[in-house]
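Chemist: For reference, this is my_file.cif, and it has mmCIF, C-alpha atoms.
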data_entry
loop_
_atom_site.label_atom_id
_atom_site.label_comp_id
_atom_site.auth_asym_id
_atom_site.auth_seq_id
_atom_site.Cartn_x
_atom_site.Cartn_y
_atom_site.Cartn_z
CA MET R 1 -31.86 -14.82 5.04
CA GLU R 2 -31.55 -14.33 8.80
CA GLU R 3 -27.80 -13.68 8.44
CA GLY R 4 -28.44 -11.08 5.69
CA LYS R 5 -30.96 -9.29 7.92
CA LYS R 6 -28.56 -9.30 10.89
CA SER R 7 -25.72 -8.01 8.68
CA SER R 8 -27.81 -5.15 7.27
CA VAL R 9 -29.01 -4.21 10.78
CA SER R 10 -25.46 -4.20 12.15
CA ASP R 11 -24.25 -2.21 9.11
CA ALA R 12 -26.97 0.37 9.70
CA GLY R 13 -26.05 0.39 13.40
CA ALA R 14 -22.39 1.06 12.59
CA TRP R 15 -23.33 4.00 10.33
CA ALA R 16 -25.84 5.37 12.86
CA MET R 17 -23.23 5.17 15.63
CA ASN R 18 -20.71 7.02 13.47
CA VAL R 19 -23.11 9.77 12.38
CA VAL R 20 -24.59 10.35 15.87
CA SER R 21 -21.21 10.30 17.69
CA SER R 22 -19.50 12.47 15.04
CA VAL R 23 -22.26 15.09 14.98
CA GLY R 24 -22.40 15.06 18.80
CA LEU R 25 -18.61 15.46 18.93
CA ILE R 26 -18.71 18.43 16.52
CA MET R 27 -21.44 20.11 18.59
CA ALA R 28 -19.58 19.51 21.91
CA ASN R 29 -16.32 20.82 20.39
CA LYS R 30 -18.14 23.85 18.98
CA GLN R 31 -19.26 24.78 22.50
CA LEU R 32 -15.82 23.99 23.96
CA MET R 33 -13.65 25.70 21.34
CA SER R 34 -15.63 28.63 19.96
CA PRO R 35 -14.96 32.15 21.34
CA ALA R 36 -18.65 32.33 22.28
CA GLY R 37 -18.21 29.12 24.32
CA TYR R 38 -15.15 28.25 26.42
CA ALA R 39 -12.46 29.28 23.88
CA PHE R 40 -10.42 26.08 24.37
CA SER R 41 -8.34 26.54 21.20
CA PHE R 42 -6.04 23.50 21.58
CA ALA R 43 -7.37 21.11 18.93
CA THR R 44 -4.29 18.86 18.62
CA THR R 45 -3.94 18.42 22.40
CA LEU R 46 -7.68 17.73 22.65
CA THR R 47 -7.25 14.95 20.07
CA GLY R 48 -4.48 13.56 22.31
CA PHE R 49 -7.01 13.48 25.18
CA HIS R 50 -9.45 11.66 22.88
CA PHE R 51 -6.95 8.93 22.06
CA GLY R 52 -5.81 8.73 25.68
CA VAL R 53 -9.36 7.91 26.84
CA THR R 54 -9.80 5.51 23.87
CA ALA R 55 -6.54 3.74 24.82
CA PHE R 56 -7.75 3.44 28.45
CA VAL R 57 -11.09 1.93 27.33
CA GLY R 58 -9.18 -0.52 25.09
CA PHE R 59 -6.85 -1.47 27.99
CA VAL R 60 -9.80 -2.13 30.34
CA SER R 61 -11.53 -4.16 27.64
CA ASN R 62 -8.42 -6.34 27.11
CA VAL R 63 -7.79 -6.84 30.85
CA THR R 64 -11.41 -7.85 31.55
CA GLY R 65 -11.45 -10.22 28.56
CA LEU R 66 -14.18 -8.34 26.72
CA SER R 67 -11.94 -8.14 23.64
CA SER R 68 -9.11 -10.34 22.38
CA SER R 69 -5.67 -9.14 21.33
CA LYS R 70 -4.05 -10.34 18.10
CA HIS R 71 -0.47 -9.70 17.08
CA VAL R 72 0.25 -6.83 14.72
CA PRO R 73 3.95 -5.94 14.07
CA LEU R 74 5.06 -2.84 15.98
CA TRP R 75 6.49 -1.21 12.84
CA GLU R 76 3.04 -1.40 11.18
CA LEU R 77 1.41 0.25 14.23
CA LEU R 78 4.09 2.97 14.31
CA TRP R 79 3.75 3.61 10.58
CA PHE R 80 -0.03 3.85 10.86
CA SER R 81 0.20 6.19 13.88
CA ILE R 82 2.63 8.50 12.05
CA VAL R 83 0.26 8.70 9.06
CA ALA R 84 -2.78 9.28 11.34
CA ASN R 85 -1.03 12.01 13.37
CA THR R 86 0.21 13.67 10.16
CA SER R 87 -3.43 13.71 9.04
CA ILE R 88 -4.59 15.42 12.28
CA THR R 89 -1.78 17.99 12.27
CA GLY R 90 -2.15 18.63 8.52
CA MET R 91 -5.90 19.23 8.89
CA ASN R 92 -5.37 21.70 11.74
CA LEU R 93 -2.63 23.56 9.82
CA SER R 94 -4.77 23.58 6.66
CA LEU R 95 -7.70 25.12 8.58
CA MET R 96 -5.40 27.78 10.05
CA LEU R 97 -3.57 28.74 6.84
CA ASN R 98 -6.44 28.49 4.31
CA SER R 99 -9.83 30.10 3.97
CA VAL R 100 -12.78 27.98 5.19
CA GLY R 101 -13.88 27.58 1.54
CA PHE R 102 -10.57 26.07 0.43
CA TYR R 103 -10.46 23.89 3.56
CA GLN R 104 -13.87 22.45 2.61
CA ILE R 105 -12.71 21.85 -0.99
CA SER R 106 -9.65 19.98 0.31
CA LYS R 107 -11.91 17.78 2.49
CA LEU R 108 -14.15 17.05 -0.50
CA SER R 109 -11.14 16.12 -2.63
CA MET R 110 -10.54 13.15 -0.31
CA ILE R 111 -13.28 11.16 -2.08
CA PRO R 112 -11.57 11.09 -5.51
CA VAL R 113 -8.13 10.77 -3.85
CA VAL R 114 -9.30 7.68 -1.89
CA CYS R 115 -10.75 6.24 -5.13
CA VAL R 116 -7.43 6.73 -6.98
CA MET R 117 -5.39 5.35 -4.04
CA GLU R 118 -7.59 2.23 -3.80
CA TRP R 119 -7.19 1.75 -7.56
CA ILE R 120 -3.36 2.09 -7.30
CA LEU R 121 -2.89 0.07 -4.07
CA HIS R 122 -5.63 -2.55 -4.42
CA SER R 123 -6.51 -2.50 -8.16
CA LYS R 124 -10.09 -1.56 -7.25
CA HIS R 125 -12.40 -0.54 -10.10
CA TYR R 126 -15.60 1.49 -9.92
CA SER R 127 -18.76 1.27 -11.99
CA LYS R 128 -20.17 4.20 -13.96
CA GLU R 129 -23.01 4.54 -11.43
CA VAL R 130 -20.58 4.81 -8.49
CA LYS R 131 -18.55 7.48 -10.30
CA MET R 132 -21.73 9.47 -11.04
CA ALA R 133 -22.78 9.24 -7.38
CA VAL R 134 -19.35 10.41 -6.17
CA VAL R 135 -19.54 13.46 -8.48
CA ALA R 136 -23.08 14.26 -7.21
CA VAL R 137 -21.99 14.08 -3.55
CA VAL R 138 -18.89 16.24 -4.15
CA VAL R 139 -20.93 18.85 -6.05
CA GLY R 140 -23.77 18.81 -3.50
CA VAL R 141 -21.59 19.17 -0.41
CA GLY R 142 -19.48 21.75 -2.27
CA VAL R 143 -22.55 23.88 -3.00
CA CYS R 144 -23.57 23.57 0.71
CA THR R 145 -20.28 24.47 2.33
CA VAL R 146 -17.88 26.26 0.00
CA THR R 147 -18.02 30.06 0.13
CA ASP R 148 -14.88 32.18 -0.12
CA VAL R 149 -11.89 30.39 -1.66
CA LYS R 150 -8.43 31.87 -1.04
CA VAL R 151 -5.27 29.86 -1.68
CA ASN R 152 -1.66 30.40 -0.59
CA ALA R 153 1.44 28.25 -1.13
CA LYS R 154 1.90 27.17 2.53
CA GLY R 155 -1.79 26.43 2.99
CA PHE R 156 -1.97 24.49 -0.29
CA LEU R 157 1.01 22.31 0.74
CA CYS R 158 -0.54 21.58 4.16
CA ALA R 159 -3.88 20.76 2.52
CA CYS R 160 -2.17 18.31 0.11
CA ILE R 161 -0.33 16.58 2.99
CA ALA R 162 -3.57 16.44 5.03
CA VAL R 163 -5.63 14.97 2.16
CA LEU R 164 -3.02 12.35 1.19
CA SER R 165 -2.31 11.25 4.80
CA THR R 166 -6.02 11.11 5.75
CA SER R 167 -6.86 9.08 2.64
CA LEU R 168 -3.95 6.70 3.26
CA GLN R 169 -4.92 6.34 6.94
CA GLN R 170 -8.50 5.40 6.08
CA ILE R 171 -7.40 2.85 3.46
CA SER R 172 -4.86 1.41 5.94
CA ILE R 173 -7.56 0.79 8.57
CA GLY R 174 -9.35 -1.63 6.23
CA SER R 175 -6.09 -3.17 4.94
CA LEU R 176 -4.70 -3.90 8.43
CA GLN R 177 -7.99 -5.44 9.58
CA LYS R 178 -8.03 -7.79 6.57
CA LYS R 179 -4.29 -8.54 6.64
CA TYR R 180 -4.17 -9.59 10.31
CA SER R 181 -7.83 -10.74 10.68
CA ILE R 182 -8.20 -8.26 13.51
CA GLY R 183 -11.41 -6.58 14.68
CA SER R 184 -11.96 -2.84 14.46
CA PHE R 185 -11.84 -2.28 18.24
CA GLU R 186 -8.72 -4.47 18.68
CA LEU R 187 -6.87 -2.46 16.02
CA LEU R 188 -7.99 0.82 17.60
CA SER R 189 -6.83 -0.42 21.03
CA LYS R 190 -3.35 -1.04 19.59
CA THR R 191 -2.94 2.26 17.72
CA ALA R 192 -4.63 4.61 20.25
CA PRO R 193 -1.85 4.49 22.94
CA ILE R 194 0.86 5.38 20.39
CA GLN R 195 -1.24 8.26 19.00
CA ALA R 196 -2.16 9.48 22.49
CA ILE R 197 1.45 9.61 23.74
CA SER R 198 2.76 11.37 20.61
CA LEU R 199 -0.12 13.89 20.43
CA LEU R 200 0.05 14.74 24.14
CA LEU R 201 3.83 15.25 23.84
CA PHE R 202 3.84 17.38 20.69
CA GLY R 203 0.24 18.67 20.67
CA PRO R 204 0.77 21.64 23.02
CA PHE R 205 3.69 22.88 20.86
CA ILE R 206 1.68 22.50 17.63
CA ASP R 207 -1.27 24.33 19.22
CA TYR R 208 1.02 27.12 20.43
CA TYR R 209 2.33 27.50 16.87
CA LEU R 210 -1.23 27.54 15.51
CA ASN R 211 -2.78 30.11 17.86
CA GLY R 212 0.02 31.58 19.99
CA LYS R 213 -1.64 30.40 23.23
CA SER R 214 -0.25 28.07 25.90
CA ILE R 215 -2.47 25.37 27.37
CA ILE R 216 -0.69 25.81 30.74
CA LYS R 217 -2.23 29.29 31.06
CA TYR R 218 -5.78 28.13 30.24
CA ASN R 219 -8.35 28.43 33.04
CA PHE R 220 -9.71 24.89 33.57
CA SER R 221 -13.02 25.61 35.29
CA SER R 222 -15.87 23.09 35.71
CA GLY R 223 -17.54 24.11 32.39
CA PRO R 224 -14.65 23.34 30.01
CA ILE R 225 -13.68 20.23 32.03
CA PHE R 226 -17.22 18.85 31.57
CA PHE R 227 -17.12 19.48 27.81
CA ILE R 228 -13.60 18.00 27.50
CA LEU R 229 -14.85 14.81 29.20
CA LEU R 230 -18.00 14.78 27.02
CA SER R 231 -15.84 15.32 23.92
CA CYS R 232 -13.55 12.42 24.96
CA ALA R 233 -16.51 10.09 25.58
CA LEU R 234 -18.04 10.89 22.19
CA ALA R 235 -14.61 10.53 20.53
CA VAL R 236 -14.34 6.92 21.80
CA PHE R 237 -17.58 6.03 19.99
CA CYS R 238 -16.56 8.10 16.96
CA ASN R 239 -13.17 6.35 16.66
CA MET R 240 -14.70 2.90 17.22
CA SER R 241 -17.40 3.47 14.61
CA GLN R 242 -14.90 4.85 12.08
CA TYR R 243 -12.77 1.68 12.28
CA LEU R 244 -15.94 -0.44 12.30
CA CYS R 245 -17.42 1.24 9.20
CA ILE R 246 -14.20 1.13 7.15
CA GLY R 247 -13.65 -2.53 8.17
CA ARG R 248 -17.20 -3.42 7.04
CA PHE R 249 -17.36 -1.31 3.89
CA SER R 250 -14.47 0.63 2.34
CA ALA R 251 -12.65 3.94 2.71
CA THR R 252 -14.58 5.29 -0.32
CA SER R 253 -17.97 4.38 1.17
CA PHE R 254 -16.90 5.93 4.48
CA GLN R 255 -16.01 9.19 2.71
CA VAL R 256 -19.14 9.34 0.52
CA LEU R 257 -21.76 8.38 3.12
CA GLY R 258 -19.77 10.18 5.82
CA HIS R 259 -20.80 13.50 4.27
CA MET R 260 -24.25 12.86 5.75
CA LYS R 261 -22.58 14.23 8.91
CA THR R 262 -21.94 17.52 7.09
CA ILE R 263 -25.64 17.75 6.21
CA CYS R 264 -26.63 16.95 9.83
CA VAL R 265 -24.22 19.58 11.22
CA LEU R 266 -25.65 22.23 8.87
CA MET R 267 -29.19 21.33 9.90
CA LEU R 268 -28.38 21.30 13.62
CA GLY R 269 -26.46 24.58 13.28
CA TRP R 270 -29.62 26.10 11.80
CA LEU R 271 -31.87 24.59 14.51
CA LEU R 272 -29.67 25.12 17.59
CA PHE R 273 -27.28 27.98 16.82
CA ASP R 274 -29.38 30.22 14.51
CA SER R 275 -26.98 29.62 11.60
CA GLN R 276 -28.24 30.98 8.29
CA LEU R 277 -29.67 28.37 5.90
CA THR R 278 -29.93 29.72 2.35
CA LEU R 279 -31.59 28.32 -0.77
CA LYS R 280 -28.07 27.47 -2.01
CA ASN R 281 -27.47 25.36 1.14
CA ILE R 282 -30.78 23.53 0.71
CA MET R 283 -30.09 22.83 -3.00
CA GLY R 284 -26.63 21.50 -2.13
CA MET R 285 -28.07 19.24 0.59
CA VAL R 286 -30.66 17.80 -1.82
CA ILE R 287 -27.99 17.10 -4.49
CA ALA R 288 -25.68 15.50 -1.90
CA ILE R 289 -28.44 13.29 -0.44
CA VAL R 290 -29.50 12.18 -3.95
CA GLY R 291 -25.83 11.36 -4.65
CA MET R 292 -25.59 9.30 -1.46
CA LEU R 293 -28.77 7.39 -2.36
CA ILE R 294 -27.42 6.69 -5.88
CA TYR R 295 -24.11 5.57 -4.34
CA SER R 296 -25.87 3.16 -1.95
CA TRP R 297 -27.93 1.77 -4.84
CA ALA R 298 -24.85 1.43 -7.09
CA VAL R 299 -22.84 -0.36 -4.39
CA GLU R 300 -25.78 -2.74 -3.79
CA LEU R 301 -25.92 -3.44 -7.55
CA GLU R 302 -22.18 -4.23 -7.56
CA LYS R 303 -22.62 -6.59 -4.59
CA GLN R 304 -25.46 -8.46 -6.34
CA ALA R 305 -23.45 -8.68 -9.59
CA ASN R 306 -20.40 -10.04 -7.69
CA ALA R 307 -22.61 -12.54 -5.85
CA ARG R 308 -24.04 -13.78 -9.19
CA ILE R 309 -20.53 -14.14 -10.65
CA ALA R 310 -19.39 -16.06 -7.57
CA LEU R 311 -22.46 -18.32 -7.80
CA THR R 312 -21.83 -18.97 -11.51
CA LYS R 313 -18.19 -19.78 -10.84
CA THR R 314 -19.17 -22.20 -8.06
CA SER R 315 -21.76 -23.90 -10.30
CA LEU R 316 -19.27 -24.29 -13.14
CA THR R 317 -16.71 -25.75 -10.81
CA GLU R 318 -19.20 -28.28 -9.46
CA ASP R 319 -20.22 -29.27 -13.02
CA GLU R 320 -16.60 -29.68 -13.98
CA ILE R 321 -15.94 -31.83 -10.92
CA ARG R 322 -18.97 -34.03 -11.72
CA LEU R 323 -17.88 -34.43 -15.35
CA LEU R 324 -14.38 -35.30 -14.22
CA LYS R 325 -15.75 -37.92 -11.82
CA ASP R 326 -17.98 -39.39 -14.55
CA GLY R 327 -15.00 -39.47 -16.88
CA VAL R 328 -12.89 -41.29 -14.29
CA ASP R 329 -15.64 -43.82 -13.59
CA ASP R 330 -16.22 -44.54 -17.31
CA ALA R 331 -12.53 -44.75 -18.23
CA PRO R 332 -10.94 -48.22 -18.34
CA ALA R 333 -8.62 -48.90 -15.41
CA LYS R 334 -4.94 -49.27 -16.17
CA ASP R 335 -2.21 -51.13 -14.43
CA VAL R 336 0.20 -48.31 -13.69
CA GLU R 337 3.27 -50.45 -13.50
CA LEU R 338 2.64 -52.50 -16.68
CA GLY R 339 0.72 -49.85 -18.64
CA GLU R 340 -1.90 -52.44 -19.55
CA THR R 341 -5.67 -52.07 -19.57
CA LYS R 342 -7.43 -54.37 -17.13
CA ALA R 343 -10.38 -56.33 -18.48
#
Mind converting the file's structure to structure tokens?
Modeler:
Amino acid sequence: MEEGKKSSVSDAGAWAMNVVSSVGLIMANKQLMSPAGYAFSFATTLTGFHFGVTAFVGFVSNVTGLSSSKHVPLWELLWFSIVANTSITGMNLSLMLNSVGFYQISKLSMIPVVCVMEWILHSKHYSKEVKMAVVAVVVGVGVCTVTDVKVNAKGFLCACIAVLSTSLQQISIGSLQKKYSIGSFELLSKTAPIQAISLLLFGPFIDYYLNGKSIIKYNFSSGPIFFILLSCALAVFCNMSQYLCIGRFSATSFQVLGHMKTICVLMLGWLLFDSQLTLKNIMGMVIAIVGMLIYSWAVELEKQANARIALTKTSLTEDEIRLLKDGVDDAPAKDVELGETKA
């Protein structure tokens, strides 16, 4: 009982850490990158800074003995980093080439894509209740966020690459943790340096292609430097909690419940930045939250059902063992060499 309570508390803590750090990161980046703020329009390079600070924190943690380091083959780390960086670049290109409406639709499509990928890669099946909840969340968040939808060939291709690579990256986080029995922070410490180096090398060129501006010519005053450091600090917690959540739950759960961040951002935008909140937005939020509650309930039902099956299997095995033992005790002993029954 105590263990169950501790597990549920730590699960809630992991989700809370992810939601708070992600929403904080979005708000800090909004101030840093928006034209009304400091107009730092170098998203890919900024992500390189994020992973650079995360790699440094991981290095300090390993050196001081706060975290252990387990072996993961270099080719696996390189493969994962390529997929993760493709996801980041694809998302940035998708946002640039598509309308905001289509960009939001592509983000929402990750939930069914993750479900299909987990079914193909791990033979995972979903109950009717989980499927209903996923549909409710997709519809709810769609109603909240999707406005104008314009599609073009280049933008559609980038969106497809972004969705597939992001989905694969999130599934891989859980797979690598299970495969090598490695903790979320240890895995992040191993992948962050590779991502940081590659993003800091190629990020400025990608950003120049995206917005035609060079980071070398940007005026780094105290204001943007403060928000870059704040963004990096929040990104460390955001990255850690992402790996932690996917390791504890699944990529599908992370996608579904992760849309709570979208609801929080909309609410905070309304409270802090005078963003318009329409009846359509409120209806969408309600549908999405109901979907998330149904999803949580459905996943809990599945866990209980699996626990009962496991308990039944254990009981049957014990009965079979007892019967076997009784059978051996009651059976007449034989001389193996002579094949005769001893009196």
Chemist: With the file shown as input, list the residues that the PyMOL selection byres ((chain R and resi 143) around 8) selects, as a list in words.
Modeler: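 When the PyMOL selection byres ((chain R and resi 143) around 8) is applied to the shown file, the picked residues are Val139, Gly140, Val141, Gly142, Cys144, Thr145, Val146, Lys280, Asn281, Met283 and Gly284 of chain R.
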Chemist: Can I get the selected residues back with C-alpha atoms, as an mmCIF file, in the coordinates of the input?
Modeler:
data_model
loop_
_atom_site.group_PDB
_atom_site.id
_atom_site.type_symbol
_atom_site.label_atom_id
_atom_site.label_comp_id
_atom_site.auth_asym_id
_atom_site.auth_seq_id
_atom_site.Cartn_x
_atom_site.Cartn_y
_atom_site.Cartn_z
ATOM 1 C CA VAL R 139 -20.930 18.850 -6.050
ATOM 2 C CA GLY R 140 -23.770 18.810 -3.500
ATOM 3 C CA VAL R 141 -21.590 19.170 -0.410
ATOM 4 C CA GLY R 142 -19.480 21.750 -2.270
ATOM 5 C CA CYS R 144 -23.570 23.570 0.710
ATOM 6 C CA THR R 145 -20.280 24.470 2.330
ATOM 7 C CA VAL R 146 -17.880 26.260 0.000
ATOM 8 C CA LYS R 280 -28.070 27.470 -2.010
ATOM 9 C CA ASN R 281 -27.470 25.360 1.140
ATOM 10 C CA MET R 283 -30.090 22.830 -3.000
ATOM 11 C CA GLY R 284 -26.630 21.500 -2.130
#
Chemist: Which one is closest to Tyr218 in chain R: R:Ser10, R:Gln31, R:Ser41, R:Thr191? Count all atoms listed in the file.
Modeler: R:Ser41
Chemist: Could you jot down the CA of Gly247 in chain R to CA of Ser172 in chain R separation for me, Å, one decimal place?
Modeler: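 Between CA of Gly247 in chain R and CA of Ser172 in chain R the gap is 9.9 Å.
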Chemist: Between R:Met267, R:Ile171, R:Ile111, R:Leu187, single out the one closest to Ala133 in chain R, counting only C-alpha atoms.
Modeler: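 Using only C-alpha atoms, Ala133 in chain R sits closest to R:Ile111.
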Chemist: Tell me, in Å to one decimal, how far CA of Leu25 in chain R is from CA of Tyr243 in chain R.
Modeler: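 Going from CA of Leu25 in chain R over to CA of Tyr243 in chain R covers 16.4 Å.
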Chemist: Counting all atoms listed in the file, which of R:Trp119, R:Phe237, R:Tyr208, R:Phe249 gets nearest to Ile173 in chain R?
Modeler: R:Phe249
Chemist: Between CA of Ser214 in chain R and CA of Lys30 in chain R, what is the distance, to one decimal in Å?
Modeler: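 Value for the CA of Ser214 in chain R-CA of Lys30 in chain R distance: 19.6 Å.
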Chemist: In terms of the shortest atom-to-atom distance over all atoms listed in the file, which of R:Val116, R:Leu121, R:Ile246, R:Ile197 is closest to Gly52 in chain R?
Modeler: R:Ile197
Chemist: Under the PyMOL selection byres ((chain R and resi 227) around 8), which residues of this model are included? Write them out as a list in words.
Modeler: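 Applied to this file, the PyMOL selection byres ((chain R and resi 227) around 8) returns Ala28, Asn29, Gln31, Leu32, Gly223, Pro224, Ile225, Phe226, Ile228, Leu229, Leu230 and Ser231 of chain R.
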Chemist: Would you kindly translate the PyMOL selection byres ((chain R and resi 160-166) around 6) into the concrete residues it picks from this file, as a list of chain:residue names?
Modeler: R:Val83, R:Ser87, R:Gly90, R:Met91, R:Met110, R:Leu157, R:Cys158, R:Ala159, R:Ser167, R:Leu168, R:Gln169
Chemist: Restricting the calculation to only C-alpha atoms, which member of R:Phe51, R:Phe220, R:Trp15, R:Phe202 is positioned closest to Leu188 in chain R?
Modeler: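 Ranking R:Phe51, R:Phe220, R:Trp15, R:Phe202 by distance to Leu188 in chain R, first place goes to R:Phe51.
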Chemist: Determine the nearest neighbour of Met292 in chain R from the options R:Lys124, R:His50, R:Lys131, R:Lys179, counting only C-alpha atoms.
Modeler: R:Lys131
